[in-house]
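**Student:** So here's final.csv, just CSV, N, CA and C atoms:
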chain,number,residue,atom,x,y,z
A,134,LEU,N,139.8,29.3,52.4
A,134,LEU,CA,139.1,29.9,51.2
A,134,LEU,C,140.0,31.1,50.8
A,135,HIS,N,140.5,31.0,49.6
A,135,HIS,CA,141.3,32.1,49.0
A,135,HIS,C,140.6,32.7,47.9
A,136,LEU,N,140.3,34.0,48.0
A,136,LEU,CA,139.7,34.8,46.9
A,136,LEU,C,140.7,35.7,46.3
A,137,GLN,N,140.9,35.6,45.1
A,137,GLN,CA,141.9,36.5,44.4
A,137,GLN,C,141.2,37.7,43.9
A,138,TYR,N,141.9,38.8,44.0
A,138,TYR,CA,141.4,40.1,43.6
A,138,TYR,C,142.4,40.8,42.8
A,139,ALA,N,142.0,41.7,41.9
A,139,ALA,CA,142.9,42.4,41.0
A,139,ALA,C,143.7,43.5,41.6
A,140,ALA,N,143.0,44.3,42.5
A,140,ALA,CA,143.6,45.5,43.1
A,140,ALA,C,143.0,45.7,44.5
A,141,SER,N,143.8,46.3,45.3
A,141,SER,CA,143.3,46.6,46.7
A,141,SER,C,142.3,47.8,46.6
A,142,LEU,N,141.6,48.0,47.7
A,142,LEU,CA,140.7,49.1,47.8
A,142,LEU,C,141.4,50.5,47.9
A,143,PRO,N,141.1,51.4,47.0
A,143,PRO,CA,141.7,52.7,47.1
A,143,PRO,C,141.4,53.4,48.4
A,144,VAL,N,142.3,54.2,48.9
A,144,VAL,CA,142.2,54.9,50.2
A,144,VAL,C,141.0,55.9,50.1
A,145,ILE,N,140.7,56.4,49.0
A,145,ILE,CA,139.6,57.4,48.9
A,145,ILE,C,138.2,56.7,49.1
A,146,LEU,N,138.2,55.4,49.0
A,146,LEU,CA,136.9,54.7,49.2
A,146,LEU,C,136.8,54.2,50.7
A,147,TYR,N,137.7,54.4,51.5
A,147,TYR,CA,137.6,54.0,52.9
A,147,TYR,C,136.4,54.5,53.7
A,148,GLY,N,136.0,55.7,53.3
A,148,GLY,CA,134.8,56.3,53.9
A,148,GLY,C,133.6,55.4,53.6
A,149,HIS,N,133.5,54.8,52.4
A,149,HIS,CA,132.4,53.9,52.1
A,149,HIS,C,132.4,52.7,53.1
A,150,LEU,N,133.6,52.3,53.5
A,150,LEU,CA,133.6,51.2,54.5
A,150,LEU,C,133.0,51.6,55.8
A,151,VAL,N,133.3,52.8,56.2
A,151,VAL,CA,132.7,53.3,57.5
A,151,VAL,C,131.2,53.4,57.3
A,152,ALA,N,130.7,53.9,56.2
A,152,ALA,CA,129.3,54.0,56.0
A,152,ALA,C,128.6,52.6,56.0
A,153,LEU,N,129.3,51.7,55.3
A,153,LEU,CA,128.8,50.3,55.3
A,153,LEU,C,128.8,49.7,56.7
A,154,GLY,N,129.8,50.0,57.5
A,154,GLY,CA,129.8,49.5,58.9
A,154,GLY,C,128.6,50.1,59.7
A,155,VAL,N,128.3,51.4,59.5
A,155,VAL,CA,127.1,52.0,60.2
A,155,VAL,C,125.8,51.4,59.7
A,156,ILE,N,125.7,51.2,58.4
A,156,ILE,CA,124.5,50.6,57.8
A,156,ILE,C,124.3,49.2,58.3
A,157,LEU,N,125.3,48.4,58.3
A,157,LEU,CA,125.2,47.0,58.8
A,157,LEU,C,125.0,46.9,60.3
A,158,GLY,N,125.5,47.9,61.0
A,158,GLY,CA,125.2,47.9,62.5
A,158,GLY,C,123.8,48.2,62.7
A,159,LEU,N,123.2,49.2,62.0
A,159,LEU,CA,121.7,49.5,62.1
A,159,LEU,C,120.9,48.3,61.7
A,160,LEU,N,121.3,47.6,60.6
A,160,LEU,CA,120.5,46.4,60.2
A,160,LEU,C,120.6,45.3,61.2
A,161,GLY,N,121.8,45.2,61.9
A,161,GLY,CA,121.9,44.2,62.9
A,161,GLY,C,121.0,44.5,64.1
A,162,ILE,N,120.8,45.8,64.4
A,162,ILE,CA,119.8,46.1,65.5
A,162,ILE,C,118.4,45.7,65.1
A,163,VAL,N,118.0,46.0,63.8
A,163,VAL,CA,116.7,45.7,63.3
A,163,VAL,C,116.5,44.2,63.3
A,164,TYR,N,117.6,43.4,62.9
A,164,TYR,CA,117.5,42.0,62.9
A,164,TYR,C,117.3,41.4,64.4
A,165,GLN,N,118.0,42.0,65.3
A,165,GLN,CA,117.9,41.5,66.7
A,165,GLN,C,116.5,41.8,67.2
A,166,GLN,N,116.0,43.0,67.0
A,166,GLN,CA,114.6,43.3,67.4
A,166,GLN,C,113.6,42.4,66.8
A,167,ALA,N,113.7,42.1,65.5
A,167,ALA,CA,112.8,41.2,64.8
A,167,ALA,C,112.9,39.8,65.4
A,168,LEU,N,114.2,39.3,65.7
A,168,LEU,CA,114.4,38.0,66.2
A,168,LEU,C,113.8,37.9,67.6
A,169,LEU,N,113.9,38.9,68.4
A,169,LEU,CA,113.3,38.9,69.8
A,169,LEU,C,111.8,39.0,69.8
A,170,ALA,N,111.2,39.5,68.7
A,170,ALA,CA,109.8,39.6,68.6
A,170,ALA,C,109.1,38.4,68.0
A,171,MET,N,109.9,37.5,67.5
A,171,MET,CA,109.4,36.3,66.8
A,171,MET,C,108.5,35.4,67.7
A,172,PRO,N,108.8,35.1,69.0
A,172,PRO,CA,108.0,34.3,69.8
A,172,PRO,C,106.5,34.8,69.9
A,173,GLN,N,106.4,36.1,70.1
A,173,GLN,CA,105.1,36.7,70.2
A,173,GLN,C,104.3,36.6,68.8
A,174,LEU,N,105.0,36.9,67.7
A,174,LEU,CA,104.4,36.8,66.4
A,174,LEU,C,104.0,35.3,66.1
A,175,TYR,N,104.9,34.4,66.5
A,175,TYR,CA,104.6,33.0,66.3
A,175,TYR,C,103.4,32.6,67.0
A,176,GLN,N,103.2,33.0,68.2
A,176,GLN,CA,102.0,32.6,69.0
A,176,GLN,C,100.8,33.2,68.4
A,177,ARG,N,100.9,34.4,67.9
A,177,ARG,CA,99.8,35.1,67.3
A,177,ARG,C,99.2,34.4,66.0
A,178,PHE,N,100.2,34.0,65.2
A,178,PHE,CA,99.8,33.4,63.9
A,178,PHE,C,99.6,31.9,63.9
A,179,ILE,N,100.3,31.2,64.8
A,179,ILE,CA,100.2,29.8,64.9
A,179,ILE,C,99.8,29.4,66.4
A,180,PRO,N,98.5,29.4,66.7
A,180,PRO,CA,98.2,29.1,68.1
A,180,PRO,C,98.3,27.6,68.4
A,181,GLY,N,98.5,27.4,69.6
A,181,GLY,CA,98.7,26.0,70.1
A,181,GLY,C,99.6,25.9,71.3
A,182,PRO,N,99.7,24.7,71.8
A,182,PRO,CA,100.6,24.6,73.0
A,182,PRO,C,102.1,24.9,72.6
A,183,ARG,N,102.8,25.3,73.5
A,183,ARG,CA,104.2,25.7,73.3
A,183,ARG,C,105.1,24.6,72.8
A,184,TRP,N,104.8,23.4,73.3
A,184,TRP,CA,105.6,22.2,72.9
A,184,TRP,C,105.5,21.9,71.5
A,185,LEU,N,104.5,22.4,70.7
A,185,LEU,CA,104.3,22.2,69.3
A,185,LEU,C,105.0,23.2,68.4
A,186,ASN,N,105.7,24.2,69.0
A,186,ASN,CA,106.4,25.2,68.3
A,186,ASN,C,107.4,24.7,67.3
A,187,GLY,N,108.0,23.6,67.5
A,187,GLY,CA,109.0,23.1,66.6
A,187,GLY,C,108.4,22.3,65.5
A,188,VAL,N,107.2,21.9,65.5
A,188,VAL,CA,106.6,21.1,64.5
A,188,VAL,C,106.4,21.8,63.2
A,189,VAL,N,105.9,23.0,63.2
A,189,VAL,CA,105.7,23.8,62.0
A,189,VAL,C,107.0,24.0,61.2
A,190,PRO,N,108.1,24.5,61.8
A,190,PRO,CA,109.4,24.6,61.1
A,190,PRO,C,109.9,23.2,60.6
A,191,PHE,N,109.7,22.2,61.3
A,191,PHE,CA,110.1,20.8,60.9
A,191,PHE,C,109.3,20.4,59.7
A,192,LEU,N,108.0,20.6,59.7
A,192,LEU,CA,107.2,20.2,58.5
A,192,LEU,C,107.6,21.1,57.3
A,193,VAL,N,107.8,22.4,57.5
A,193,VAL,CA,108.2,23.2,56.3
A,193,VAL,C,109.6,22.8,55.8
A,194,THR,N,110.5,22.4,56.7
A,194,THR,CA,111.8,21.9,56.2
A,194,THR,C,111.7,20.6,55.4
A,195,ILE,N,110.8,19.7,55.9
A,195,ILE,CA,110.6,18.5,55.1
A,195,ILE,C,110.0,18.8,53.7
A,196,LEU,N,109.0,19.7,53.7
A,196,LEU,CA,108.4,20.0,52.5
A,196,LEU,C,109.4,20.7,51.5
A,197,VAL,N,110.2,21.6,52.0
A,197,VAL,CA,111.2,22.2,51.1
A,197,VAL,C,112.3,21.2,50.7
A,198,GLY,N,112.6,20.3,51.6
A,198,GLY,CA,113.6,19.3,51.2
A,198,GLY,C,113.1,18.3,50.1
A,199,ILE,N,111.8,18.1,50.1
A,199,ILE,CA,111.2,17.2,49.0
A,199,ILE,C,111.1,18.0,47.7
A,200,ILE,N,110.7,19.3,47.8
A,200,ILE,CA,110.4,20.0,46.6
A,200,ILE,C,111.7,20.6,46.0
A,201,VAL,N,112.5,21.3,46.8
A,201,VAL,CA,113.7,22.0,46.3
A,201,VAL,C,114.9,21.6,47.3
A,202,PRO,N,115.5,20.5,47.1
A,202,PRO,CA,116.5,20.1,48.1
A,202,PRO,C,117.8,20.9,48.0
A,203,GLN,N,118.0,21.7,46.9
A,203,GLN,CA,119.1,22.5,46.8
A,203,GLN,C,119.1,23.7,47.8
A,204,TRP,N,118.0,24.0,48.3
A,204,TRP,CA,117.9,25.1,49.2
A,204,TRP,C,118.4,24.7,50.6
A,205,LEU,N,118.4,23.4,50.9
A,205,LEU,CA,118.9,22.9,52.1
A,205,LEU,C,120.4,22.6,52.0
A,206,GLY,N,121.2,22.9,53.0
A,206,GLY,CA,122.6,22.6,52.9
A,206,GLY,C,123.4,23.6,53.7
A,207,GLY,N,124.7,23.4,53.7
A,207,GLY,CA,125.6,24.2,54.5
A,207,GLY,C,125.9,25.5,53.9
A,208,GLY,N,125.7,25.7,52.6
A,208,GLY,CA,126.0,26.9,51.9
A,208,GLY,C,127.4,26.9,51.4
A,209,ASN,N,128.1,25.8,51.4
A,209,ASN,CA,129.5,25.7,50.9
A,209,ASN,C,129.5,26.0,49.4
A,210,ALA,N,128.6,25.5,48.6
A,210,ALA,CA,128.5,25.8,47.2
A,210,ALA,C,128.4,27.3,46.9
A,211,ILE,N,127.6,28.0,47.7
A,211,ILE,CA,127.4,29.4,47.5
A,211,ILE,C,128.8,30.1,47.8
A,212,ILE,N,129.5,29.8,48.8
A,212,ILE,CA,130.7,30.4,49.1
A,212,ILE,C,131.8,30.1,48.0
A,213,LEU,N,131.8,28.9,47.6
A,213,LEU,CA,132.8,28.6,46.5
A,213,LEU,C,132.4,29.3,45.2
A,214,SER,N,131.1,29.5,44.9
A,214,SER,CA,130.8,30.2,43.7
A,214,SER,C,131.2,31.7,43.8
A,215,VAL,N,131.2,32.3,44.9
A,215,VAL,CA,131.7,33.6,45.1
A,215,VAL,C,133.1,33.8,44.7
A,216,GLY,N,133.9,32.7,44.9
A,216,GLY,CA,135.3,32.7,44.6
A,216,GLY,C,135.5,32.7,43.1
A,217,ARG,N,134.6,32.2,42.3
A,217,ARG,CA,134.7,32.2,40.9
A,217,ARG,C,134.3,33.5,40.2
A,218,LEU,N,133.6,34.4,40.9
A,218,LEU,CA,133.2,35.7,40.4
A,218,LEU,C,134.4,36.7,40.5
A,219,SER,N,134.4,37.6,39.7
A,219,SER,CA,135.4,38.7,39.8
A,219,SER,C,134.7,39.9,40.4
A,220,PRO,N,135.1,40.4,41.6
A,220,PRO,CA,134.4,41.5,42.2
A,220,PRO,C,134.6,42.8,41.4
A,221,VAL,N,133.5,43.6,41.4
A,221,VAL,CA,133.6,44.9,40.7
A,221,VAL,C,133.7,46.0,41.8
A,222,LEU,N,134.7,46.8,41.7
A,222,LEU,CA,134.8,47.9,42.6
A,222,LEU,C,134.4,49.2,42.0
Would you give me this structure, written as structure tokens?

**Tutor:**
Amino acid sequence: LHLQYAASLPVILYGHLVALGVILGLLGIVYQQALLAMPQLYQRFIPGPRWLNGVVPFLVTILVGIIVPQWLGGGNAIILSVGRLSPVL
């Protein structure tokens, strides 16, 4: 995947990259905590035996695939569409 850009990032904006790294790191911690809390939340909202835990996501996926099949896929079209946009710095 080759994305063309008009100019490189100015050195004065490198501090923004550090801030972005810190923000993304904190959001990664929040994501990890939420992901690890999902089994307890899942059992609270959808009671039943543990072996049925995969049935609800399976049924939701089938429903979404029937109603909006564009939402299901590998995301290749999204990545290619980013290449057609010109980034704004």

**Student:** Just give me the gap between atom CA of Ile162 of chain A and atom CA of Tyr175 of chain A in Å, one decimal is fine.

**Tutor:**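 Between atom CA of Ile162 of chain A and atom CA of Tyr175 of chain A the gap works out to 20.1 Å.
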
**Student:** Provide the atom N of Tyr138 of chain A to atom N of Ile212 of chain A distance in Å, to one decimal place.

**Tutor:** 16.1 Å

**Student:** For atom CA of Phe191 of chain A and atom CA of Trp204 of chain A, quote the distance in Å rounded to one decimal.

**Tutor:**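 Result for atom CA of Phe191 of chain A versus atom CA of Trp204 of chain A: 14.7 Å, one decimal.
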
**Student:** Please report, as a PyMOL selection string, each residue of segment 159-219 of chain A to which DSSP assigns alpha helix (DSSP H) when run on this structure's backbone.

**Tutor:** chain A and resi 159-178+188-200+209-217
